[in-house]
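Asks: Submitted below is the structure of interest, expressed as C-alpha coordinates.
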Amino acid sequence: MRVNCPHCDEKALITSRNKLSGTVTDLYCQCTNSATCSASFVFSLAVKHNLNPPYRTTLDIALGLLNSLPKNQLAQIQRDLFG
(Lines give C-alpha, C1' and ligand atoms only; values in the text may rest on other atoms or scores of the structure.)
Protein backbone atom coordinates (compact mmCIF):
# COMPACT_ATOMS: atom_id res chain seq x y z
CA MET A 1 0.00 0.00 0.00
CA ARG A 2 1.32 3.41 -0.91
CA VAL A 3 0.51 6.58 1.01
CA ASN A 4 1.19 10.02 -0.43
CA CYS A 5 1.66 13.17 1.60
CA PRO A 6 -1.54 15.27 1.58
CA HIS A 7 0.59 18.45 1.56
CA CYS A 8 3.13 17.88 -1.23
CA ASP A 9 1.91 14.59 -2.80
CA GLU A 10 5.30 12.90 -2.37
CA LYS A 11 5.69 9.36 -1.06
CA ALA A 12 5.19 8.92 2.68
CA LEU A 13 6.35 6.17 5.00
CA ILE A 14 3.97 4.45 7.38
CA THR A 15 5.88 4.59 10.65
CA SER A 16 3.32 2.89 12.89
CA ARG A 17 -0.32 1.98 13.11
CA ASN A 18 -3.05 1.84 15.71
CA LYS A 19 -5.85 -0.66 15.14
CA LEU A 20 -9.05 0.96 16.39
CA SER A 21 -11.40 -1.90 15.48
CA GLY A 22 -11.61 -4.89 13.16
CA THR A 23 -12.21 -2.59 10.19
CA VAL A 24 -10.53 0.74 11.12
CA THR A 25 -6.82 1.49 11.55
CA ASP A 26 -4.95 4.77 11.99
CA LEU A 27 -1.73 4.91 9.96
CA TYR A 28 0.95 7.25 11.33
CA CYS A 29 2.94 8.61 8.40
CA GLN A 30 6.02 10.71 7.65
CA CYS A 31 6.60 12.50 4.34
CA THR A 32 9.84 11.46 2.62
CA ASN A 33 10.27 14.91 0.99
CA SER A 34 12.73 16.18 3.61
CA ALA A 35 13.86 19.14 1.47
CA THR A 36 10.58 21.06 1.46
CA CYS A 37 7.95 19.22 3.52
CA SER A 38 8.70 16.52 6.17
CA ALA A 39 5.11 16.60 7.38
CA SER A 40 3.81 14.02 9.83
CA PHE A 41 0.18 13.03 9.63
CA VAL A 42 -2.34 10.29 10.38
CA PHE A 43 -4.34 8.50 7.69
CA SER A 44 -7.42 6.49 8.60
CA LEU A 45 -7.78 3.18 6.79
CA ALA A 46 -11.26 1.69 6.95
CA VAL A 47 -13.40 -0.92 5.28
CA LYS A 48 -16.34 1.03 3.86
CA HIS A 49 -18.58 -1.83 2.68
CA ASN A 50 -18.42 -5.24 1.05
CA LEU A 51 -18.98 -5.56 -2.67
CA ASN A 52 -19.43 -9.29 -2.27
CA PRO A 53 -19.61 -10.95 1.15
CA PRO A 54 -17.11 -13.73 1.86
CA TYR A 55 -18.25 -17.19 0.72
CA ARG A 56 -18.41 -18.52 4.27
CA THR A 57 -20.69 -15.67 5.37
CA THR A 58 -23.04 -16.23 2.44
CA LEU A 59 -23.22 -19.96 3.17
CA ASP A 60 -23.89 -19.31 6.87
CA ILE A 61 -26.75 -16.95 5.98
CA ALA A 62 -28.27 -19.48 3.57
CA LEU A 63 -28.00 -22.35 6.05
CA GLY A 64 -29.48 -20.21 8.82
CA LEU A 65 -32.46 -19.33 6.65
CA LEU A 66 -32.99 -22.93 5.56
CA ASN A 67 -32.77 -24.21 9.14
CA SER A 68 -35.39 -21.69 10.27
CA LEU A 69 -38.00 -22.97 7.78
CA PRO A 70 -40.77 -25.32 8.84
CA LYS A 71 -40.09 -28.97 7.95
CA ASN A 72 -42.70 -29.09 5.19
CA GLN A 73 -41.23 -26.03 3.41
CA LEU A 74 -37.70 -27.43 3.73
CA ALA A 75 -38.88 -30.75 2.28
CA GLN A 76 -40.50 -28.89 -0.65
CA ILE A 77 -37.24 -27.03 -1.38
CA GLN A 78 -35.33 -30.32 -1.31
CA ARG A 79 -37.83 -31.86 -3.77
CA ASP A 80 -37.60 -28.82 -6.05
CA LEU A 81 -33.79 -28.87 -6.04
CA PHE A 82 -33.06 -32.58 -6.12
CA GLY A 83 -36.18 -34.07 -7.71
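Here, A, B, ... name the chains of the C-alpha coordinates in the order displayed, residue numbers run from 1 inside each chain, and ligands are numbered from 1 in the same displayed order.
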As an MDAnalysis selection string, please: every residue in segment 14-81 of chain A that a backbone DSSP assignment puts in strand (DSSP E).
Replies: chainID A and resid 14:19 24:31 40:46
Asks: Could you write out, as a PyMOL selection string, all the residues of chain A that DSSP marks as helix (DSSP H, G or I)?
Replies: chain A and resi 55-68+71-82
Asks: Based on the selection just made, write N, CA and C atoms of those residues as a PDB file, in the first residue's frame.
Replies:
ATOM      1  N   TYR A  55     -17.492 -15.966   1.003  1.00  0.00           N
ATOM      2  CA  TYR A  55     -18.250 -17.189   0.725  1.00  0.00           C
ATOM      3  C   TYR A  55     -18.796 -17.795   2.005  1.00  0.00           C
ATOM      4  N   ARG A  56     -17.985 -17.877   3.014  1.00  0.00           N
ATOM      5  CA  ARG A  56     -18.413 -18.515   4.267  1.00  0.00           C
ATOM      6  C   ARG A  56     -19.608 -17.766   4.871  1.00  0.00           C
ATOM      7  N   THR A  57     -19.587 -16.461   4.831  1.00  0.00           N
ATOM      8  CA  THR A  57     -20.686 -15.670   5.372  1.00  0.00           C
ATOM      9  C   THR A  57     -21.971 -15.940   4.596  1.00  0.00           C
ATOM     10  N   THR A  58     -21.873 -15.974   3.275  1.00  0.00           N
ATOM     11  CA  THR A  58     -23.042 -16.230   2.441  1.00  0.00           C
ATOM     12  C   THR A  58     -23.619 -17.603   2.734  1.00  0.00           C
ATOM     13  N   LEU A  59     -22.773 -18.602   2.866  1.00  0.00           N
ATOM     14  CA  LEU A  59     -23.221 -19.956   3.174  1.00  0.00           C
ATOM     15  C   LEU A  59     -23.881 -20.012   4.549  1.00  0.00           C
ATOM     16  N   ASP A  60     -23.295 -19.346   5.529  1.00  0.00           N
ATOM     17  CA  ASP A  60     -23.885 -19.311   6.873  1.00  0.00           C
ATOM     18  C   ASP A  60     -25.282 -18.688   6.856  1.00  0.00           C
ATOM     19  N   ILE A  61     -25.440 -17.607   6.085  1.00  0.00           N
ATOM     20  CA  ILE A  61     -26.751 -16.954   5.983  1.00  0.00           C
ATOM     21  C   ILE A  61     -27.760 -17.911   5.359  1.00  0.00           C
ATOM     22  N   ALA A  62     -27.366 -18.563   4.255  1.00  0.00           N
ATOM     23  CA  ALA A  62     -28.275 -19.482   3.571  1.00  0.00           C
ATOM     24  C   ALA A  62     -28.673 -20.647   4.475  1.00  0.00           C
ATOM     25  N   LEU A  63     -27.690 -21.228   5.158  1.00  0.00           N
ATOM     26  CA  LEU A  63     -27.996 -22.350   6.053  1.00  0.00           C
ATOM     27  C   LEU A  63     -28.885 -21.917   7.205  1.00  0.00           C
ATOM     28  N   GLY A  64     -28.643 -20.726   7.735  1.00  0.00           N
ATOM     29  CA  GLY A  64     -29.481 -20.211   8.816  1.00  0.00           C
ATOM     30  C   GLY A  64     -30.927 -20.027   8.377  1.00  0.00           C
ATOM     31  N   LEU A  65     -31.097 -19.503   7.163  1.00  0.00           N
ATOM     32  CA  LEU A  65     -32.461 -19.328   6.647  1.00  0.00           C
ATOM     33  C   LEU A  65     -33.136 -20.673   6.409  1.00  0.00           C
ATOM     34  N   LEU A  66     -32.412 -21.610   5.813  1.00  0.00           N
ATOM     35  CA  LEU A  66     -32.987 -22.935   5.559  1.00  0.00           C
ATOM     36  C   LEU A  66     -33.367 -23.634   6.863  1.00  0.00           C
ATOM     37  N   ASN A  67     -32.502 -23.543   7.864  1.00  0.00           N
ATOM     38  CA  ASN A  67     -32.767 -24.208   9.143  1.00  0.00           C
ATOM     39  C   ASN A  67     -33.927 -23.577   9.907  1.00  0.00           C
ATOM     40  N   SER A  68     -34.284 -22.344   9.566  1.00  0.00           N
ATOM     41  CA  SER A  68     -35.391 -21.690  10.268  1.00  0.00           C
ATOM     42  C   SER A  68     -36.753 -21.994   9.623  1.00  0.00           C
ATOM     43  N   LYS A  71     -40.517 -27.718   8.591  1.00  0.00           N
ATOM     44  CA  LYS A  71     -40.091 -28.972   7.947  1.00  0.00           C
ATOM     45  C   LYS A  71     -40.741 -29.179   6.576  1.00  0.00           C
ATOM     46  N   ASN A  72     -42.026 -28.860   6.461  1.00  0.00           N
ATOM     47  CA  ASN A  72     -42.699 -29.092   5.186  1.00  0.00           C
ATOM     48  C   ASN A  72     -42.153 -28.179   4.079  1.00  0.00           C
ATOM     49  N   GLN A  73     -41.799 -26.934   4.410  1.00  0.00           N
ATOM     50  CA  GLN A  73     -41.225 -26.033   3.408  1.00  0.00           C
ATOM     51  C   GLN A  73     -39.809 -26.475   3.028  1.00  0.00           C
ATOM     52  N   LEU A  74     -39.041 -26.933   4.001  1.00  0.00           N
ATOM     53  CA  LEU A  74     -37.699 -27.434   3.734  1.00  0.00           C
ATOM     54  C   LEU A  74     -37.763 -28.672   2.843  1.00  0.00           C
ATOM     55  N   ALA A  75     -38.714 -29.550   3.108  1.00  0.00           N
ATOM     56  CA  ALA A  75     -38.883 -30.749   2.278  1.00  0.00           C
ATOM     57  C   ALA A  75     -39.262 -30.366   0.852  1.00  0.00           C
ATOM     58  N   GLN A  76     -40.110 -29.347   0.692  1.00  0.00           N
ATOM     59  CA  GLN A  76     -40.504 -28.890  -0.648  1.00  0.00           C
ATOM     60  C   GLN A  76     -39.300 -28.328  -1.405  1.00  0.00           C
ATOM     61  N   ILE A  77     -38.451 -27.572  -0.748  1.00  0.00           N
ATOM     62  CA  ILE A  77     -37.239 -27.028  -1.379  1.00  0.00           C
ATOM     63  C   ILE A  77     -36.322 -28.163  -1.814  1.00  0.00           C
ATOM     64  N   GLN A  78     -36.173 -29.175  -0.955  1.00  0.00           N
ATOM     65  CA  GLN A  78     -35.334 -30.318  -1.312  1.00  0.00           C
ATOM     66  C   GLN A  78     -35.898 -31.055  -2.540  1.00  0.00           C
ATOM     67  N   ARG A  79     -37.217 -31.216  -2.592  1.00  0.00           N
ATOM     68  CA  ARG A  79     -37.832 -31.856  -3.769  1.00  0.00           C
ATOM     69  C   ARG A  79     -37.617 -31.018  -5.020  1.00  0.00           C
ATOM     70  N   ASP A  80     -37.772 -29.697  -4.899  1.00  0.00           N
ATOM     71  CA  ASP A  80     -37.597 -28.818  -6.054  1.00  0.00           C
ATOM     72  C   ASP A  80     -36.155 -28.839  -6.568  1.00  0.00           C
ATOM     73  N   LEU A  81     -35.208 -28.896  -5.644  1.00  0.00           N
ATOM     74  CA  LEU A  81     -33.795 -28.871  -6.042  1.00  0.00           C
ATOM     75  C   LEU A  81     -33.270 -30.206  -6.531  1.00  0.00           C
ATOM     76  N   PHE A  82     -33.682 -31.280  -5.866  1.00  0.00           N
ATOM     77  CA  PHE A  82     -33.060 -32.578  -6.125  1.00  0.00           C
ATOM     78  C   PHE A  82     -34.011 -33.597  -6.742  1.00  0.00           C
TER      79      PHE A  82
END
Asks: Which residues are close to Asn4 of chain A, i.e. within 12 Å by only C-alpha atoms, leaving aside same-chain residues fewer than 3 positions away? Reply as a ChimeraX atom specification.
Replies: /A:1,7-14,27,29-33,38-43
Asks: How far is it from atom CA of Asn50 of chain A to atom CA of Lys19 of chain A, in Å with one decimal?
Replies: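 One can read the atom CA of Asn50 of chain A to atom CA of Lys19 of chain A distance as 19.4 Å.
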Asks: In Å, rounded to a single decimal, give me how far atom CA of Arg2 of chain A is from atom CA of Ser16 of chain A.
Replies: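 Pair atom CA of Ser16 of chain A / atom CA of Arg2 of chain A returns 13.9 Å.
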Asks: When you look at Thr25 of chain A with a cut-off of 7 Å (counting only C-alpha atoms), what residues show up, excluding the ones that are within fewer than 6 positions of it in the same chain? I need them as a PyMOL selection string.
Replies: chain A and resi 17-19+44-46
